[in-house]
file final.csv (CSV, C-alpha atoms)
chain,number,residue,atom,x,y,z
A,440,MET,CA,-45.0,-7.1,-62.2
A,441,SER,CA,-41.3,-6.5,-61.9
A,442,LYS,CA,-39.3,-6.7,-65.0
A,443,VAL,CA,-35.8,-8.0,-64.7
A,444,GLN,CA,-33.4,-6.9,-67.3
A,445,GLN,CA,-30.3,-9.0,-67.7
A,446,LEU,CA,-27.4,-7.0,-69.0
A,447,SER,CA,-24.6,-9.2,-70.4
A,448,VAL,CA,-21.3,-7.5,-70.6
A,449,SER,CA,-18.4,-9.5,-72.0
A,450,LYS,CA,-15.3,-7.6,-71.0
A,451,THR,CA,-12.8,-10.0,-72.6
A,452,SER,CA,-12.7,-13.5,-74.0
A,453,VAL,CA,-9.2,-14.3,-72.6
A,454,SER,CA,-8.1,-15.4,-69.2
A,455,LYS,CA,-6.4,-13.3,-66.5
A,456,ILE,CA,-3.5,-15.8,-66.4
A,457,ALA,CA,-2.9,-15.2,-70.1
A,458,ILE,CA,-2.9,-11.5,-69.5
A,459,LEU,CA,-0.5,-11.8,-66.6
A,460,ALA,CA,1.9,-14.0,-68.7
A,461,LEU,CA,1.9,-11.4,-71.4
A,462,ALA,CA,2.5,-8.6,-68.9
A,463,ILE,CA,5.6,-10.5,-67.7
A,464,VAL,CA,6.8,-10.9,-71.3
A,465,PHE,CA,6.2,-7.2,-71.9
A,466,ALA,CA,8.2,-6.1,-68.9
A,467,ALA,CA,11.1,-8.6,-69.5
A,468,GLY,CA,11.4,-7.8,-73.2
A,469,LEU,CA,11.3,-4.0,-72.6
A,470,PHE,CA,14.0,-4.3,-70.0
A,471,VAL,CA,16.3,-6.4,-72.3
A,472,VAL,CA,16.0,-4.0,-75.3
A,473,GLY,CA,15.6,-0.7,-73.5
A,474,PHE,CA,17.4,-0.7,-70.3
A,475,ASP,CA,19.8,-3.6,-69.5
A,476,GLN,CA,23.3,-2.4,-68.7
A,477,GLY,CA,24.7,-5.9,-67.9
A,478,HIS,CA,22.1,-6.7,-65.2
A,479,ILE,CA,20.8,-9.9,-66.8
A,480,PHE,CA,24.1,-11.5,-67.5
A,481,SER,CA,25.4,-10.4,-64.1
A,482,ILE,CA,23.3,-13.2,-62.6
A,483,VAL,CA,25.7,-15.7,-64.3
A,484,TYR,CA,28.9,-13.7,-64.9
A,485,GLY,CA,28.9,-11.3,-62.0
A,486,GLU,CA,30.5,-7.9,-62.2
A,487,GLN,CA,32.2,-8.7,-65.5
A,488,ALA,CA,28.8,-8.5,-67.2
A,489,PHE,CA,28.6,-4.7,-66.4
A,490,VAL,CA,32.0,-4.3,-68.2
A,491,ASP,CA,31.2,-6.5,-71.2
A,492,LEU,CA,27.6,-5.1,-71.7
A,493,SER,CA,26.8,-7.9,-74.2
A,494,ILE,CA,23.1,-7.3,-74.3
A,495,HIS,CA,23.5,-3.6,-74.4
A,496,GLU,CA,25.8,-3.9,-77.4
A,497,LEU,CA,23.5,-6.4,-79.1
A,498,THR,CA,20.5,-4.1,-78.7
A,499,HIS,CA,22.4,-0.9,-79.1
A,500,ASP,CA,21.3,0.1,-82.6
A,501,MET,CA,17.6,-0.7,-81.9
A,502,ARG,CA,17.9,1.1,-78.6
A,503,HIS,CA,18.8,4.3,-80.3
A,504,ALA,CA,16.5,3.8,-83.3
A,505,ALA,CA,13.5,3.1,-81.1
A,506,GLY,CA,14.1,6.2,-79.0
A,507,PHE,CA,15.4,4.7,-75.7
A,508,PRO,CA,18.0,6.7,-73.8
A,509,CYS,CA,21.5,5.3,-74.4
A,510,HIS,CA,25.1,6.1,-73.3
B,51,MET,CA,-10.4,-17.5,-77.3
B,52,LYS,CA,-8.3,-20.1,-75.6
B,53,SER,CA,-5.4,-18.7,-73.5
B,54,THR,CA,-2.7,-20.6,-75.2
B,55,LEU,CA,-3.9,-19.6,-78.6
B,56,PHE,CA,-4.2,-16.0,-77.5
B,57,ILE,CA,-0.6,-16.0,-76.2
B,58,VAL,CA,0.7,-17.7,-79.3
B,59,ILE,CA,-0.9,-15.3,-81.8
B,60,VAL,CA,0.2,-12.3,-79.7
B,61,ILE,CA,3.8,-13.4,-79.6
B,62,ILE,CA,4.0,-14.4,-83.2
B,63,SER,CA,2.4,-11.1,-84.2
B,64,GLY,CA,4.9,-9.2,-82.1
B,65,ALA,CA,7.8,-11.1,-83.4
B,66,LEU,CA,6.8,-10.6,-87.1
B,67,ALA,CA,6.1,-6.8,-86.5
B,68,GLY,CA,9.3,-6.5,-84.6
B,69,ALA,CA,11.2,-8.2,-87.5
B,70,ILE,CA,9.7,-5.7,-89.9
B,71,HIS,CA,10.7,-2.9,-87.6
B,72,GLY,CA,14.3,-4.2,-87.3
B,73,THR,CA,14.5,-4.7,-91.1
B,74,VAL,CA,13.2,-1.2,-91.8
B,75,ASN,CA,15.8,0.2,-89.3
B,76,PHE,CA,18.5,-1.8,-90.9
B,77,ALA,CA,17.7,-0.2,-94.2
B,78,ILE,CA,17.0,3.4,-93.3
B,79,VAL,CA,18.4,4.1,-89.8
B,80,GLU,CA,21.8,2.3,-89.9
B,81,PRO,CA,23.4,4.8,-92.2
B,82,TYR,CA,22.7,7.6,-89.7
B,83,LEU,CA,24.0,5.4,-86.8
B,84,ASP,CA,27.2,4.9,-88.8
B,85,GLN,CA,27.6,8.6,-89.4
B,86,ALA,CA,27.1,9.4,-85.7
B,87,ILE,CA,29.5,6.7,-84.5
B,88,GLY,CA,32.0,8.1,-87.0
B,89,ILE,CA,31.7,11.5,-85.3
B,90,GLU,CA,31.9,9.8,-81.9
B,91,ASN,CA,35.2,8.1,-82.9
B,92,GLN,CA,36.7,11.4,-84.1
B,93,ASN,CA,35.8,13.0,-80.7
B,94,LEU,CA,37.5,10.1,-78.9
B,95,PHE,CA,40.7,10.6,-81.0
B,96,ALA,CA,40.6,14.4,-80.5
B,97,SER,CA,40.2,14.0,-76.7
B,98,GLY,CA,43.0,11.4,-76.6
B,99,GLU,CA,40.7,8.7,-75.1
B,100,GLU,CA,41.5,6.4,-78.0
B,101,ASP,CA,44.3,6.2,-80.6
B,102,ASP,CA,43.5,6.1,-84.3
B,103,ASN,CA,45.3,2.9,-85.1
B,104,PRO,CA,44.6,-0.5,-86.7
B,105,GLN,CA,43.9,-2.2,-83.3
B,106,PHE,CA,41.2,0.4,-82.6
B,107,TRP,CA,39.5,-0.1,-86.0
B,108,ALA,CA,39.7,-3.9,-85.7
B,109,GLU,CA,37.9,-3.8,-82.3
B,110,HIS,CA,35.5,-1.2,-83.7
B,111,GLU,CA,34.5,-3.3,-86.7
B,112,GLU,CA,34.0,-6.3,-84.4
B,113,TYR,CA,31.5,-4.6,-82.1
B,114,ARG,CA,29.8,-2.8,-85.0
B,115,VAL,CA,29.1,-6.1,-86.7
B,116,TRP,CA,27.7,-7.4,-83.3
B,117,GLN,CA,25.6,-4.2,-82.9
B,118,LYS,CA,24.2,-4.3,-86.5
B,119,SER,CA,23.5,-8.0,-86.4
B,120,GLY,CA,21.4,-7.4,-83.3
B,121,GLN,CA,19.1,-4.9,-85.0
B,122,VAL,CA,16.6,-7.5,-86.3
B,123,LEU,CA,16.9,-9.8,-83.2
B,124,ALA,CA,16.4,-6.8,-80.9
B,125,GLY,CA,13.5,-5.7,-83.1
B,126,MET,CA,11.9,-9.1,-82.6
B,127,ILE,CA,12.4,-9.0,-78.8
B,128,LEU,CA,11.1,-5.5,-78.5
B,129,GLY,CA,8.2,-6.5,-80.9
B,130,ILE,CA,7.3,-9.4,-78.7
B,131,ALA,CA,7.3,-7.1,-75.6
B,132,MET,CA,5.3,-4.3,-77.2
B,133,GLY,CA,3.1,-6.8,-79.0
B,134,SER,CA,2.3,-8.3,-75.6
B,135,LEU,CA,1.2,-5.0,-74.3
B,136,PHE,CA,-0.8,-4.4,-77.5
B,137,GLY,CA,-2.4,-7.9,-77.2
B,138,ILE,CA,-3.4,-7.2,-73.6
B,139,VAL,CA,-5.0,-3.8,-74.4
B,140,TYR,CA,-6.7,-5.2,-77.5
B,141,ALA,CA,-8.2,-8.1,-75.5
B,142,LEU,CA,-9.5,-5.8,-72.8
B,143,SER,CA,-10.8,-3.1,-75.1
B,144,ARG,CA,-11.9,-5.0,-78.2
B,145,ASN,CA,-15.6,-4.7,-77.4
B,146,SER,CA,-15.4,-1.0,-77.0
B,147,LEU,CA,-13.3,-0.2,-80.1
B,148,PRO,CA,-14.8,1.2,-83.2
B,149,GLY,CA,-14.4,-0.8,-86.4
B,150,LYS,CA,-16.3,-3.3,-88.5
B,151,ASN,CA,-14.0,-6.3,-87.8
B,152,ASP,CA,-10.9,-7.3,-85.9
B,153,VAL,CA,-8.5,-5.9,-88.5
B,154,SER,CA,-10.0,-2.4,-88.4
B,155,LYS,CA,-10.4,-2.5,-84.6
B,156,ALA,CA,-6.7,-3.6,-84.1
B,157,VAL,CA,-5.4,-1.0,-86.6
B,158,ILE,CA,-7.4,1.8,-84.8
B,159,LEU,CA,-6.0,0.7,-81.4
B,160,ALA,CA,-2.5,0.6,-82.9
B,161,GLY,CA,-3.0,4.2,-84.0
B,162,ILE,CA,-4.2,5.2,-80.6
B,163,MET,CA,-1.3,3.6,-78.9
B,164,TRP,CA,1.2,4.9,-81.5
B,165,ILE,CA,0.1,8.5,-80.6
B,166,THR,CA,-0.3,8.1,-76.9
B,167,ILE,CA,2.7,6.0,-75.9
B,168,TYR,CA,5.1,6.7,-78.7
B,169,LEU,CA,4.5,9.9,-80.7
B,170,ILE,CA,3.7,12.3,-77.8
B,171,PRO,CA,6.5,11.1,-75.6
B,172,PHE,CA,8.8,11.2,-78.6
B,173,LEU,CA,7.9,14.9,-79.2
B,174,LYS,CA,9.1,15.7,-75.7
B,175,TYR,CA,12.0,13.3,-75.5
B,176,PRO,CA,13.0,12.5,-79.2
B,177,ALA,CA,15.4,9.8,-80.1
B,178,ASN,CA,19.0,10.7,-80.4
B,179,PRO,CA,21.8,9.1,-82.4
B,180,PRO,CA,25.1,7.9,-80.7
B,181,THR,CA,27.5,10.7,-79.8
B,182,VAL,CA,24.5,12.6,-78.3
B,183,GLY,CA,23.9,11.5,-74.7
B,184,ASP,CA,25.9,11.7,-71.5
B,185,ALA,CA,26.5,8.4,-69.7
B,186,GLU,CA,26.1,10.2,-66.4
B,187,THR,CA,22.5,11.2,-67.2
B,188,VAL,CA,21.2,7.9,-68.7
B,189,ALA,CA,19.3,6.8,-65.6
B,190,LEU,CA,17.6,10.2,-65.3
B,191,ARG,CA,16.7,10.3,-69.0
B,192,ALA,CA,15.3,6.7,-68.7
B,193,ILE,CA,13.1,7.8,-65.8
B,194,LEU,CA,11.9,10.9,-67.5
B,195,TYR,CA,11.1,9.0,-70.7
B,196,ILE,CA,9.3,6.1,-69.0
B,197,SER,CA,7.4,8.5,-66.7
B,198,PHE,CA,6.1,10.4,-69.7
B,199,ILE,CA,5.0,7.2,-71.4
B,200,LEU,CA,3.2,6.0,-68.3
B,201,ILE,CA,1.5,9.4,-67.7
B,202,SER,CA,0.4,9.7,-71.3
B,203,GLY,CA,-0.8,6.1,-71.5
B,204,PHE,CA,-2.7,6.0,-68.2
B,205,GLY,CA,-3.9,9.6,-68.8
B,206,ALA,CA,-5.5,8.5,-72.1
B,207,LEU,CA,-7.1,5.5,-70.3
B,208,ALA,CA,-8.4,7.7,-67.4
B,209,PHE,CA,-10.0,10.2,-69.8
B,210,TYR,CA,-11.5,7.4,-71.8
B,211,LYS,CA,-13.1,6.0,-68.7
B,212,LEU,CA,-14.4,9.5,-67.8
B,213,SER,CA,-15.8,9.9,-71.3
B,214,GLN,CA,-17.8,6.7,-70.9
B,215,LYS,CA,-19.7,8.3,-68.0
B,216,LEU,CA,-20.7,11.3,-70.2
B,217,GLN,CA,-23.7,11.6,-72.4
B,218,SER,CA,-23.0,10.6,-76.0
B,219,ASN,CA,-23.1,14.2,-77.3
B,220,LYS,CA,-20.4,15.2,-74.7
B,221,LYS,CA,-18.0,12.3,-75.1
B,222,TYR,CA,-15.6,14.6,-77.0
B,223,LEU,CA,-14.9,16.2,-73.6
B,224,GLY,CA,-12.8,13.1,-72.8
B,225,LEU,CA,-10.5,13.7,-75.8
B,226,LEU,CA,-10.4,17.4,-75.0
B,227,GLY,CA,-9.5,16.7,-71.4
B,228,TYR,CA,-6.7,14.4,-72.4
B,229,ALA,CA,-5.4,17.0,-74.9
B,230,ILE,CA,-5.3,19.7,-72.2
B,231,PHE,CA,-3.8,17.3,-69.6
B,232,ILE,CA,-1.0,16.1,-71.8
B,233,ILE,CA,-0.1,19.7,-73.0
B,234,ILE,CA,0.3,20.7,-69.4
B,235,VAL,CA,2.4,17.6,-68.6
B,236,PHE,CA,4.4,18.3,-71.7
B,237,PHE,CA,5.5,21.7,-70.5
B,238,VAL,CA,5.8,20.7,-66.8
B,239,MET,CA,8.1,17.7,-67.4
B,240,PRO,CA,11.9,18.6,-67.2
B,241,GLU,CA,13.8,18.9,-70.5
B,242,ASN,CA,16.4,16.3,-71.6
B,243,PRO,CA,19.5,17.5,-69.7
B,244,ASP,CA,22.0,16.6,-72.4
B,245,GLU,CA,23.4,19.0,-75.0
B,246,LEU,CA,23.0,18.2,-78.7
B,247,THR,CA,26.6,17.7,-79.7
B,248,ALA,CA,26.0,16.4,-83.2
B,249,PRO,CA,25.1,18.3,-86.4
B,250,MET,CA,21.4,19.2,-86.3
B,251,ASN,CA,20.8,17.9,-89.9
B,252,LEU,CA,22.1,14.5,-88.8
B,253,VAL,CA,20.0,14.5,-85.6
B,254,ASN,CA,16.8,15.6,-87.5
B,255,GLU,CA,17.2,13.1,-90.3
B,256,PHE,CA,18.0,10.3,-87.8
B,257,ARG,CA,14.9,11.2,-85.8
B,258,PHE,CA,12.7,11.2,-88.9
B,259,MET,CA,14.0,7.8,-89.9
B,260,SER,CA,13.5,6.6,-86.3
B,261,VAL,CA,9.8,7.6,-86.4
B,262,LEU,CA,9.3,5.8,-89.7
B,263,GLY,CA,10.9,2.7,-88.2
B,264,VAL,CA,8.7,2.7,-85.1
B,265,THR,CA,5.6,3.6,-87.2
B,266,SER,CA,6.3,0.5,-89.4
B,267,PHE,CA,6.0,-1.6,-86.2
B,268,TRP,CA,2.7,-0.1,-85.1
B,269,ILE,CA,1.1,-0.5,-88.5
B,270,SER,CA,2.3,-4.0,-88.8
B,271,ILE,CA,1.2,-5.1,-85.3
B,272,GLY,CA,-2.3,-3.7,-85.9
B,273,PHE,CA,-2.7,-5.6,-89.2
B,274,ILE,CA,-1.0,-8.8,-88.2
B,275,LEU,CA,-2.7,-9.3,-84.8
B,276,GLY,CA,-6.1,-8.2,-86.3
B,277,LEU,CA,-5.8,-10.8,-89.1
B,278,PHE,CA,-4.8,-13.5,-86.6
B,279,TRP,CA,-7.7,-12.6,-84.3
B,280,LYS,CA,-10.1,-12.6,-87.1
B,281,LYS,CA,-9.0,-16.0,-88.3
B,282,PHE,CA,-8.9,-17.7,-84.9
B,283,GLU,CA,-11.6,-16.0,-82.9
B,284,LYS,CA,-14.2,-18.6,-83.9

call {"tool": "encode", "arguments": {"input": "final.csv", "output": "structure tokens"}}
result
Amino acid sequence: MSKVQQLSVSKTSVSKIAILALAIVFAAGLFVVGFDQGHIFSIVYGEQAFVDLSIHELTHDMRHAAGFPCH
Amino acid sequence: MKSTLFIVIVIISGALAGAIHGTVNFAIVEPYLDQAIGIENQNLFASGEEDDNPQFWAEHEEYRVWQKSGQVLAGMILGIAMGSLFGIVYALSRNSLPGKNDVSKAVILAGIMWITIYLIPFLKYPANPPTVGDAETVALRAILYISFILISGFGALAFYKLSQKLQSNKKYLGLLGYAIFIIIVFFVMPENPDELTAPMNLVNEFRFMSVLGVTSFWISIGFILGLFWKKFEK
């Protein structure tokens, strides 16, 4: 008699779409705080955003404190 | 757990832990940032790039207020971002993590991620205060830093997967393998190209406070997400 063993492995209880959504949030948030040099606002304000560096200045102190390269 | 609930608790956990991180920074890192920016200003006056006059100081105060006011907000944005990564890894690894409940499991994972994607990269490329850092090399430094984080993070994951294939009495080889791998990477990766142009006591004290700030985030995210998960899992 063959004995069938059923192995139940539950990898995760959350959906792939939720994981994808959080992956996008992760990438966007990391870029805003760690690396933006006017890129995001340049979508609206054009080249001036690279001069104003509004997001860079807003996140400046956290950027240094969290260890991201700056200046 | 429902997807919406999962996303909500991850984002709230990240925002709360990030707010704690920003508040801690505001209390213990800001004084060092002020000192470093003071040196930066003196260098600008000495080189003739700026004049030491009331107009300069008025503009300086204006953007320092903007920068300081962004500390907690930026902490929350970074917290949501890093919290999202933490939530993803926790959801995927929860069944494999040691620990009696979700709080202990989440805190253990936070410790692992703190070491692999923060502390080890920090030891190679430590945080620097303003006045240290050449604008010409910022892209290179960003590439080096992110590369090391990715190598360390994916290296830890790969050696964990390898250890799963080993017999239980040989699983320590996975940890040993990662340790050897990351030591090699540590010495192979190029150094930060910038000179340290600030007093070393200022740089070292700033770095120590920076580590405390980031550590406050990882402790917080572990406890907060663990508590939320424990409460809402059923």

call {"tool": "interface_residues", "arguments": {"input": "final.csv", "of": "chain A", "to": "chain B", "cutoff": "10 Å", "atoms": "only C-alpha atoms", "output": "VMD selection string"}}
result
chain A and resid 448 to 474 493 to 510

call {"tool": "atom_distance", "arguments": {"input": "final.csv", "atom1": "atom CA of Ala248 of chain B", "atom2": "atom CA of Ala77 of chain B"}}
result
21.6 Å

call {"tool": "atom_distance", "arguments": {"input": "final.csv", "atom1": "atom CA of Phe267 of chain B", "atom2": "atom CA of Ala67 of chain B"}}
result
5.2 Å

call {"tool": "atom_distance", "arguments": {"input": "final.csv", "atom1": "atom CA of Ile201 of chain B", "atom2": "atom CA of Thr166 of chain B"}}
result
9.5 Å
